[in-house]
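Asker: Below is the file data-v6.cif, which contains mmCIF, C-alpha atoms.
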```cif
data_my_file
loop_
_atom_site.label_atom_id
_atom_site.label_comp_id
_atom_site.auth_asym_id
_atom_site.auth_seq_id
_atom_site.Cartn_x
_atom_site.Cartn_y
_atom_site.Cartn_z
CA MET X 38 -84.73 -37.43 147.79
CA ASN X 39 -81.55 -38.35 146.02
CA GLN X 40 -82.20 -41.79 144.53
CA LEU X 41 -78.68 -43.05 145.21
CA GLN X 42 -79.38 -42.79 148.95
CA GLU X 43 -81.61 -45.82 148.46
CA LYS X 44 -79.66 -49.01 149.18
CA ALA X 45 -80.95 -50.96 146.18
CA GLU X 46 -80.56 -48.03 143.80
CA PHE X 47 -76.94 -47.42 144.82
CA LEU X 48 -76.05 -51.05 144.27
CA SER X 49 -77.92 -51.19 140.96
CA VAL X 50 -76.13 -48.13 139.58
CA CYS X 51 -72.71 -49.36 140.73
CA ARG X 52 -73.30 -52.72 139.07
CA GLU X 53 -74.37 -51.01 135.87
CA ILE X 54 -71.23 -48.88 135.89
CA SER X 55 -68.95 -51.88 136.49
CA ASN X 56 -70.63 -53.93 133.75
CA GLU X 57 -70.45 -51.06 131.26
CA ILE X 58 -66.78 -50.44 132.01
CA LYS X 59 -65.96 -54.14 131.58
CA GLU X 60 -67.71 -54.17 128.19
CA LEU X 61 -65.96 -50.95 127.22
CA LEU X 62 -62.54 -52.45 127.98
CA ILE X 63 -63.31 -55.64 126.05
CA ALA X 64 -64.45 -53.65 123.01
CA SER X 65 -61.45 -51.30 123.18
CA ARG X 66 -59.00 -54.21 123.30
CA LYS X 67 -60.69 -55.91 120.36
CA LYS X 68 -60.31 -52.71 118.35
CA GLY X 69 -56.65 -52.50 119.31
CA GLU X 70 -57.17 -49.15 121.01
CA ALA X 71 -54.11 -47.76 122.78
CA LEU X 72 -55.49 -47.79 126.32
CA ASP X 73 -52.10 -46.73 127.69
CA ARG X 74 -52.02 -43.51 125.64
CA GLU X 75 -51.70 -40.37 127.75
CA VAL X 76 -54.54 -38.00 126.96
CA GLY X 77 -53.95 -35.26 129.54
CA LEU X 78 -53.45 -34.56 133.23
CA GLY X 79 -56.00 -35.48 135.87
CA ALA X 80 -57.14 -33.43 138.85
CA ASP X 81 -54.60 -35.41 140.89
CA GLY X 82 -51.75 -34.01 138.78
CA ALA X 83 -50.92 -37.43 137.32
CA PRO X 84 -51.27 -38.47 133.66
CA THR X 85 -54.70 -39.47 132.46
CA TYR X 86 -54.55 -42.61 130.33
CA GLN X 87 -57.08 -43.43 127.68
CA VAL X 88 -58.39 -46.26 129.83
CA ASP X 89 -59.12 -43.77 132.64
CA ALA X 90 -60.80 -41.25 130.34
CA LEU X 91 -63.09 -43.84 128.75
CA ALA X 92 -64.10 -45.40 132.06
CA GLU X 93 -64.69 -42.08 133.82
CA ARG X 94 -66.82 -40.73 130.99
CA LYS X 95 -69.03 -43.80 131.10
CA ALA X 96 -69.33 -43.78 134.91
CA LEU X 97 -70.29 -40.09 135.04
CA GLU X 98 -72.87 -40.58 132.31
CA LEU X 99 -74.56 -43.37 134.25
CA ILE X 100 -74.49 -41.54 137.60
CA GLU X 101 -76.06 -38.46 136.04
CA ARG X 102 -78.67 -40.58 134.29
CA ALA X 103 -79.59 -42.12 137.66
CA GLY X 104 -80.62 -38.68 138.90
CA PHE X 105 -77.78 -37.99 141.33
CA CYS X 106 -77.93 -34.33 142.34
CA GLY X 107 -74.89 -33.76 144.56
CA ARG X 108 -71.15 -33.50 144.06
CA ILE X 109 -68.90 -36.01 142.37
CA ILE X 110 -65.17 -35.98 143.12
CA THR X 111 -63.34 -38.03 140.56
CA GLU X 112 -59.70 -38.70 139.81
CA GLU X 113 -59.50 -37.13 136.37
CA GLN X 114 -61.99 -34.25 136.29
CA GLY X 115 -61.95 -33.32 139.96
CA THR X 116 -65.09 -31.85 141.54
CA LEU X 117 -68.32 -31.76 139.54
CA GLN X 118 -71.50 -30.22 140.94
CA LEU X 119 -74.70 -31.82 139.65
CA GLY X 120 -77.15 -30.26 142.11
CA GLU X 121 -77.74 -28.87 145.59
CA SER X 122 -77.81 -32.13 147.54
CA ALA X 123 -75.38 -32.51 150.47
CA ASP X 124 -74.33 -35.90 149.04
CA THR X 125 -70.86 -36.52 147.62
CA ILE X 126 -69.67 -39.42 145.50
CA TRP X 127 -65.97 -40.25 145.52
CA LEU X 128 -65.33 -42.05 142.25
CA ASP X 129 -62.38 -44.01 140.88
CA PRO X 130 -63.63 -45.79 137.74
CA ILE X 131 -60.33 -47.65 137.26
CA ASP X 132 -58.27 -48.28 140.37
CA GLY X 133 -55.09 -49.84 138.98
CA SER X 134 -54.94 -48.15 135.59
CA ARG X 135 -51.67 -49.75 134.54
CA ASN X 136 -52.98 -53.19 135.40
CA ALA X 137 -56.09 -52.43 133.32
CA TYR X 138 -54.33 -51.25 130.19
CA ARG X 139 -51.86 -54.13 130.37
CA ASN X 140 -54.76 -56.54 131.03
CA PHE X 141 -53.20 -57.76 134.27
CA PRO X 142 -56.24 -59.11 136.16
CA TYR X 143 -56.23 -56.86 139.21
CA TYR X 144 -58.09 -53.57 138.80
CA ALA X 145 -61.35 -52.21 140.15
CA LEU X 146 -64.21 -49.75 140.21
CA SER X 147 -64.44 -47.86 143.51
CA VAL X 148 -67.47 -45.74 144.50
CA ALA X 149 -68.13 -44.14 147.90
CA LEU X 150 -71.25 -42.17 148.84
CA PHE X 151 -71.13 -39.67 151.72
CA HIS X 152 -73.85 -37.39 153.10
CA LYS X 153 -71.87 -34.36 154.24
CA ASN X 154 -69.04 -36.13 156.11
CA THR X 155 -71.01 -39.27 157.00
CA PHE X 156 -70.30 -42.46 155.10
CA LYS X 157 -73.43 -44.00 153.58
CA SER X 158 -72.37 -46.66 151.04
CA GLY X 159 -69.25 -48.08 149.42
CA TYR X 160 -68.81 -50.34 146.43
CA ILE X 161 -65.63 -51.92 145.11
CA ARG X 162 -65.64 -54.46 142.30
CA ASN X 163 -62.66 -56.32 140.96
CA LEU X 164 -63.37 -55.82 137.27
CA ALA X 165 -61.11 -58.71 136.33
CA ASN X 166 -62.73 -61.51 138.37
CA GLY X 167 -66.09 -60.02 139.39
CA ASP X 168 -65.55 -59.96 143.19
CA GLU X 169 -68.09 -57.48 144.52
CA PHE X 170 -67.55 -55.74 147.85
CA LEU X 171 -70.34 -53.66 149.38
CA ALA X 172 -70.47 -51.60 152.57
CA GLN X 173 -73.90 -50.37 153.66
CA GLU X 174 -75.91 -49.97 156.85
CA GLY X 175 -73.08 -51.13 159.09
CA VAL X 176 -72.31 -54.33 157.18
CA ALA X 177 -69.50 -55.22 154.79
CA THR X 178 -70.04 -58.06 152.31
CA LEU X 179 -68.20 -59.92 149.56
CA ASN X 180 -70.50 -61.31 146.89
CA GLY X 181 -73.37 -61.05 149.36
CA THR X 182 -71.62 -62.81 152.26
CA PRO X 183 -70.88 -60.77 155.43
CA LEU X 184 -67.18 -60.17 156.07
CA LYS X 185 -65.12 -60.43 159.24
CA THR X 186 -61.36 -60.02 159.24
CA ILE X 187 -59.19 -63.00 160.18
CA PRO X 188 -56.53 -62.55 162.90
CA ARG X 189 -53.33 -64.47 162.13
CA PRO X 190 -49.99 -64.81 163.96
CA PRO X 191 -47.17 -62.73 162.41
CA LYS X 192 -45.46 -65.66 160.67
CA LYS X 193 -48.69 -66.36 158.74
CA VAL X 194 -49.40 -62.74 157.82
CA GLY X 195 -49.41 -61.57 154.21
CA ILE X 196 -49.00 -57.88 153.41
CA VAL X 197 -49.66 -55.90 150.23
CA VAL X 198 -47.37 -52.91 149.81
CA ILE X 199 -46.83 -50.05 147.41
CA ARG X 200 -43.30 -50.22 146.05
CA PRO X 201 -41.09 -47.76 147.99
CA ARG X 202 -39.32 -44.90 146.27
CA THR X 203 -36.41 -44.63 148.72
CA GLN X 204 -33.57 -46.84 149.85
CA LYS X 205 -34.88 -46.51 153.40
CA GLY X 206 -38.18 -47.97 152.23
CA PHE X 207 -36.55 -51.01 150.63
CA VAL X 208 -34.51 -51.63 153.79
CA PHE X 209 -37.71 -51.45 155.83
CA LEU X 210 -39.42 -53.98 153.54
CA HIS X 211 -36.48 -56.35 153.92
CA ALA X 212 -36.85 -56.16 157.71
CA LEU X 213 -40.61 -56.61 157.44
CA GLN X 214 -40.22 -59.64 155.23
CA GLN X 215 -38.31 -61.42 158.00
CA ARG X 216 -41.32 -61.06 160.32
CA VAL X 217 -44.22 -62.12 158.08
CA ARG X 218 -45.18 -64.87 155.63
CA PHE X 219 -45.12 -62.88 152.39
CA LEU X 220 -45.18 -59.45 150.77
CA ARG X 221 -47.00 -58.56 147.55
CA ILE X 222 -47.00 -55.52 145.26
CA CYS X 223 -50.25 -55.63 143.28
CA GLY X 224 -50.86 -52.12 141.97
CA ALA X 225 -54.48 -51.33 142.92
CA ALA X 226 -54.72 -49.75 146.37
CA ALA X 227 -58.51 -49.90 146.78
CA LEU X 228 -58.42 -53.65 146.16
CA ASP X 229 -55.31 -54.06 148.31
CA ILE X 230 -57.12 -52.57 151.31
CA THR X 231 -60.46 -54.23 150.59
CA TYR X 232 -59.06 -57.74 150.29
CA ILE X 233 -57.88 -57.47 153.91
CA ALA X 234 -61.56 -57.65 154.86
CA SER X 235 -61.89 -61.05 153.18
CA GLY X 236 -58.71 -62.54 154.65
CA ALA X 237 -56.95 -62.79 151.29
CA VAL X 238 -54.21 -60.62 152.81
CA ASP X 239 -53.74 -59.18 156.29
CA ALA X 240 -52.34 -55.67 155.89
CA PHE X 241 -51.54 -52.88 153.46
CA LEU X 242 -48.66 -50.42 153.69
CA ASP X 243 -47.74 -47.31 151.73
CA LEU X 244 -44.43 -45.86 152.88
CA ASP X 245 -43.59 -43.12 150.43
CA ARG X 246 -46.10 -42.35 147.70
CA GLY X 247 -49.39 -41.70 149.48
CA LEU X 248 -52.95 -42.34 148.32
CA LYS X 249 -55.59 -39.96 147.00
CA THR X 250 -58.94 -39.94 148.76
CA VAL X 251 -60.61 -41.67 145.79
CA ASP X 252 -58.26 -44.62 146.44
CA TYR X 253 -59.52 -45.25 149.98
CA ALA X 254 -62.90 -43.48 150.32
CA ALA X 255 -64.81 -46.75 149.86
CA ALA X 256 -62.12 -49.22 150.98
CA GLN X 257 -61.38 -47.68 154.39
CA PRO X 258 -64.94 -47.77 155.81
CA LEU X 259 -65.53 -51.21 154.31
CA LEU X 260 -62.46 -52.64 156.03
CA GLU X 261 -63.34 -50.94 159.32
CA LEU X 262 -66.85 -52.40 159.19
CA ALA X 263 -65.27 -55.85 158.80
CA GLY X 264 -63.14 -55.31 161.92
CA GLY X 265 -59.98 -53.86 160.41
CA VAL X 266 -57.95 -50.77 161.34
CA VAL X 267 -56.84 -47.94 159.03
CA SER X 268 -54.53 -45.06 159.99
CA ASP X 269 -51.61 -43.00 158.83
CA LEU X 270 -48.07 -44.12 159.62
CA ARG X 271 -48.29 -42.53 163.09
CA GLY X 272 -51.51 -44.33 163.97
CA GLN X 273 -53.65 -41.21 163.46
CA PRO X 274 -57.04 -41.24 161.65
CA ILE X 275 -57.21 -40.73 157.90
CA ARG X 276 -59.29 -37.78 156.71
CA LEU X 277 -61.07 -37.16 153.43
CA GLN X 278 -59.09 -34.65 151.36
CA GLU X 279 -60.95 -32.93 148.52
CA ASP X 280 -57.68 -31.71 147.01
CA LEU X 281 -56.67 -34.76 144.99
CA THR X 282 -53.06 -33.63 144.83
CA THR X 283 -52.94 -34.28 148.61
CA ARG X 284 -51.73 -37.75 149.53
CA ALA X 285 -52.16 -39.86 152.67
CA LYS X 286 -49.60 -42.50 153.63
CA ILE X 287 -51.68 -45.37 154.91
CA LEU X 288 -51.35 -48.39 157.14
CA ALA X 289 -54.29 -50.80 157.09
CA ALA X 290 -54.46 -54.05 159.04
CA SER X 291 -56.93 -56.80 159.85
CA ASN X 292 -56.77 -56.24 163.62
CA THR X 293 -55.41 -53.95 166.32
CA GLN X 294 -52.59 -56.31 167.33
CA LEU X 295 -51.12 -56.50 163.84
CA HIS X 296 -51.65 -52.77 163.39
CA SER X 297 -49.71 -52.06 166.61
CA MET X 298 -46.88 -54.40 165.61
CA LEU X 299 -46.51 -52.65 162.26
CA LEU X 300 -46.65 -49.20 163.87
CA GLY X 301 -43.86 -50.25 166.20
CA LEU X 302 -41.69 -51.41 163.33
CA LEU X 303 -42.39 -48.21 161.41
CA LYS X 304 -41.31 -46.19 164.44
CA GLU X 305 -38.05 -48.17 164.69
CA PHE X 306 -37.22 -47.07 161.14
CA GLY X 307 -38.19 -43.43 161.71
CA TYR X 308 -41.49 -43.40 159.89
CA GLY X 309 -44.40 -41.32 161.09
CA SER X 310 -42.25 -38.97 163.15
#
```
Could you spell out this file's structure in structure tokens?

Answerer:
Amino acid sequence: MNQLQEKAEFLSVCREISNEIKELLIASRKKGEALDREVGLGADGAPTYQVDALAERKALELIERAGFCGRIITEEQGTLQLGESADTIWLDPIDGSRNAYRNFPYYALSVALFHKNTFKSGYIRNLANGDEFLAQEGVATLNGTPLKTIPRPPKKVGIVVIRPRTQKGFVFLHALQQRVRFLRICGAAALDITYIASGAVDAFLDLDRGLKTVDYAAAQPLLELAGGVVSDLRGQPIRLQEDLTTRAKILAASNTQLHSMLLGLLKEFGYGS
């Protein structure tokens, strides 16, 4: 049996990866390494930075050493086949690459394990402050404590967004800002979605750019286990897409009421049609 199917083994390997990546970043900064240097193009069609290449190499080494014998789908190298198992790991060693190479303390490791199309385990760790999110066996936790989303009235809601690319998007955000407590642009989508589960924020919204599956493969099921809702901008379910050049525009919220309110506002502005 694939060892990473074991609950304790999955967690142990994810922790080892996160610790090794943290040490790698510390050592690279001490050496003055140019972590923002572009070293190629990833499977997602976007530039691969040195920070991504170093972290992915280390993560793949540790997963292979653990005896994983299925597929790994990762942001830079794409699909790797390590054996005949029906298990798939969706891996983003550095979610928030720009934050990582600038040493802005908001970036994460994200690992999701699926058996065929069934979610088994998810792990997201904020590499800057150590917050450890785990989704397994129907439970979502933060640092070992079970999570349940917090419903708040609109005027107390905080939303994390991805900066729009269109004038329409900025107009929408201005309208949204009048209805909620605050908006944030943080730059690490897996963390943005996951922190909804803890109540740090209440919703996440991506109007224009779209996320790759590695961005949400662990975060989506974790938030849903905590009571949250994740959909596209029309309210339809989000699917796993193995083609990493494919993007999904995502709306995530702490509860169905907030999700419905945001869908209504999106519809007013012509999104999701």

Asker: As a check of understanding, name the residues that the PyMOL selection byres ((chain X and resi 95) around 10) selects in the supplied structure, as a list in words.

Answerer: Ile54, Ser55, Glu57, Ile58, Leu61, Ala90, Leu91, Ala92, Glu93, Arg94, Ala96, Leu97, Glu98, Leu99, Ile100 and Pro130 of chain X

Asker: Expressed in Å to a single decimal, how great is the separation between CA of Gly264 in chain X and CA of Ser291 in chain X?

Answerer: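 Here the two named atoms are 6.7 Å from each other.
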
Asker: In Å to one decimal, how far is CA of Ala240 in chain X from CA of Gly265 in chain X?

Answerer: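 Going from CA of Gly265 in chain X over to CA of Ala240 in chain X, I get 9.1 Å.
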
Asker: For CA of Asp243 in chain X and CA of Glu305 in chain X, quote the distance in Å rounded to one decimal.

Answerer: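 If I compute the distance from CA of Asp243 in chain X to CA of Glu305 in chain X, I get 16.2 Å.
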
Asker: Tell me which of X:Leu299, X:Thr203, X:Arg162, X:Ile110 sits closest to Val217 in chain X, counting all atoms listed in the file.

Answerer: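 Under the stated criterion, the closest residue is X:Leu299.
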
Asker: Which one is closest to Leu119 in chain X: X:Leu171, X:Arg102, X:Phe141, X:Gly133? Count only C-alpha atoms.

Answerer: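 Looking only at the distances to Leu119 in chain X, the closest residue turns out to be X:Arg102.
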
Asker: If I put a ball of radius 10 Å at (-74.6, -59.0, 148.4) in the file's coordinates, which residues poke into it when counting only C-alpha atoms, written as a PDB file with C-alpha atoms, keeping the file's coordinate frame?

Answerer:
```
ATOM      1  CA  LEU X  48     -76.050 -51.050 144.270  1.00  0.00           C
ATOM      2  CA  GLU X 169     -68.090 -57.480 144.520  1.00  0.00           C
ATOM      3  CA  PHE X 170     -67.550 -55.740 147.850  1.00  0.00           C
ATOM      4  CA  LEU X 171     -70.340 -53.660 149.380  1.00  0.00           C
ATOM      5  CA  ALA X 172     -70.470 -51.600 152.570  1.00  0.00           C
ATOM      6  CA  ALA X 177     -69.500 -55.220 154.790  1.00  0.00           C
ATOM      7  CA  THR X 178     -70.040 -58.060 152.310  1.00  0.00           C
ATOM      8  CA  LEU X 179     -68.200 -59.920 149.560  1.00  0.00           C
ATOM      9  CA  ASN X 180     -70.500 -61.310 146.890  1.00  0.00           C
ATOM     10  CA  GLY X 181     -73.370 -61.050 149.360  1.00  0.00           C
ATOM     11  CA  THR X 182     -71.620 -62.810 152.260  1.00  0.00           C
ATOM     12  CA  PRO X 183     -70.880 -60.770 155.430  1.00  0.00           C
TER      13      PRO X 183
END
```

Asker: Using the chain letters and numbering of this document, enumerate as a CSV table (one decimal) with C-alpha atoms, in the coordinates of the input the residues selected by the PyMOL selection byres ((chain X and resi 293) around 10).

Answerer:
```csv
chain,number,residue,atom,x,y,z
X,188,PRO,CA,-56.5,-62.6,162.9
X,264,GLY,CA,-63.1,-55.3,161.9
X,265,GLY,CA,-60.0,-53.9,160.4
X,266,VAL,CA,-58.0,-50.8,161.3
X,267,VAL,CA,-56.8,-47.9,159.0
X,289,ALA,CA,-54.3,-50.8,157.1
X,290,ALA,CA,-54.5,-54.0,159.0
X,291,SER,CA,-56.9,-56.8,159.8
X,292,ASN,CA,-56.8,-56.2,163.6
X,294,GLN,CA,-52.6,-56.3,167.3
X,295,LEU,CA,-51.1,-56.5,163.8
X,296,HIS,CA,-51.6,-52.8,163.4
X,297,SER,CA,-49.7,-52.1,166.6
X,298,MET,CA,-46.9,-54.4,165.6
X,299,LEU,CA,-46.5,-52.6,162.3
```

Asker: List, as a list in words, every residue that the PyMOL selection byres ((chain X and resi 227-239) around 7) selects in the file provided.

Answerer: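 With the PyMOL selection byres ((chain X and resi 227-239) around 7) on this model, the match is Asp132, Ala145, Leu184, Lys185, Thr186, Ile187, Val194, Gly195, Ile196, Val197, Ala225, Ala226, Ala240, Phe241, Asp252, Tyr253, Ala256, Leu259, Leu260, Ala263, Gly265, Ala289, Ala290 and Ser291 of chain X.
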
Asker: So, with only C-alpha atoms as the atoms that count, which of X:Asn154, X:Pro84, X:Leu164, X:Arg135 lies closest to Glu60 in chain X?

Answerer: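 The closest residue to Glu60 in chain X is X:Leu164.
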
Asker: Excluding Asp280 in chain X and any residue of its chain fewer than 3 positions from it, enumerate the residues within 10 Å of it, using all atoms listed in the file, and give them as a PyMOL selection string.

Answerer: chain X and resi 80-81+110+115-116+249-250+277+283-284

Asker: Would you please work out which residue, of X:Asp245, X:Gly175, X:Ala255, X:Gly79, is nearest to Ile126 in chain X when using all atoms listed in the file?

Answerer: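 Ranking X:Asp245, X:Gly175, X:Ala255, X:Gly79 by distance to Ile126 in chain X, first place goes to X:Ala255.
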
Asker: Considering only C-alpha atoms, can you say which of X:Gln257, X:Ser122, X:Thr111, X:Gln204 comes closest to Ser158 in chain X?

Answerer: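 Of X:Gln257, X:Ser122, X:Thr111, X:Gln204, the one nearest Ser158 in chain X, counting only C-alpha atoms, is X:Gln257.
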
Asker: Neighbouring residues of Tyr308 in chain X were defined as those with any atom within 9 Å, considering all atoms listed in the file; residues of the same chain fewer than 5 positions away were excluded. Please report them as a PDB file with C-alpha atoms, keeping the file's coordinate frame.

Answerer:
```pdb
ATOM      1  CA  LEU X 244     -44.430 -45.860 152.880  1.00  0.00           C
ATOM      2  CA  LEU X 270     -48.070 -44.120 159.620  1.00  0.00           C
ATOM      3  CA  ARG X 271     -48.290 -42.530 163.090  1.00  0.00           C
ATOM      4  CA  LEU X 300     -46.650 -49.200 163.870  1.00  0.00           C
ATOM      5  CA  LEU X 302     -41.690 -51.410 163.330  1.00  0.00           C
ATOM      6  CA  LEU X 303     -42.390 -48.210 161.410  1.00  0.00           C
TER       7      LEU X 303
END
```
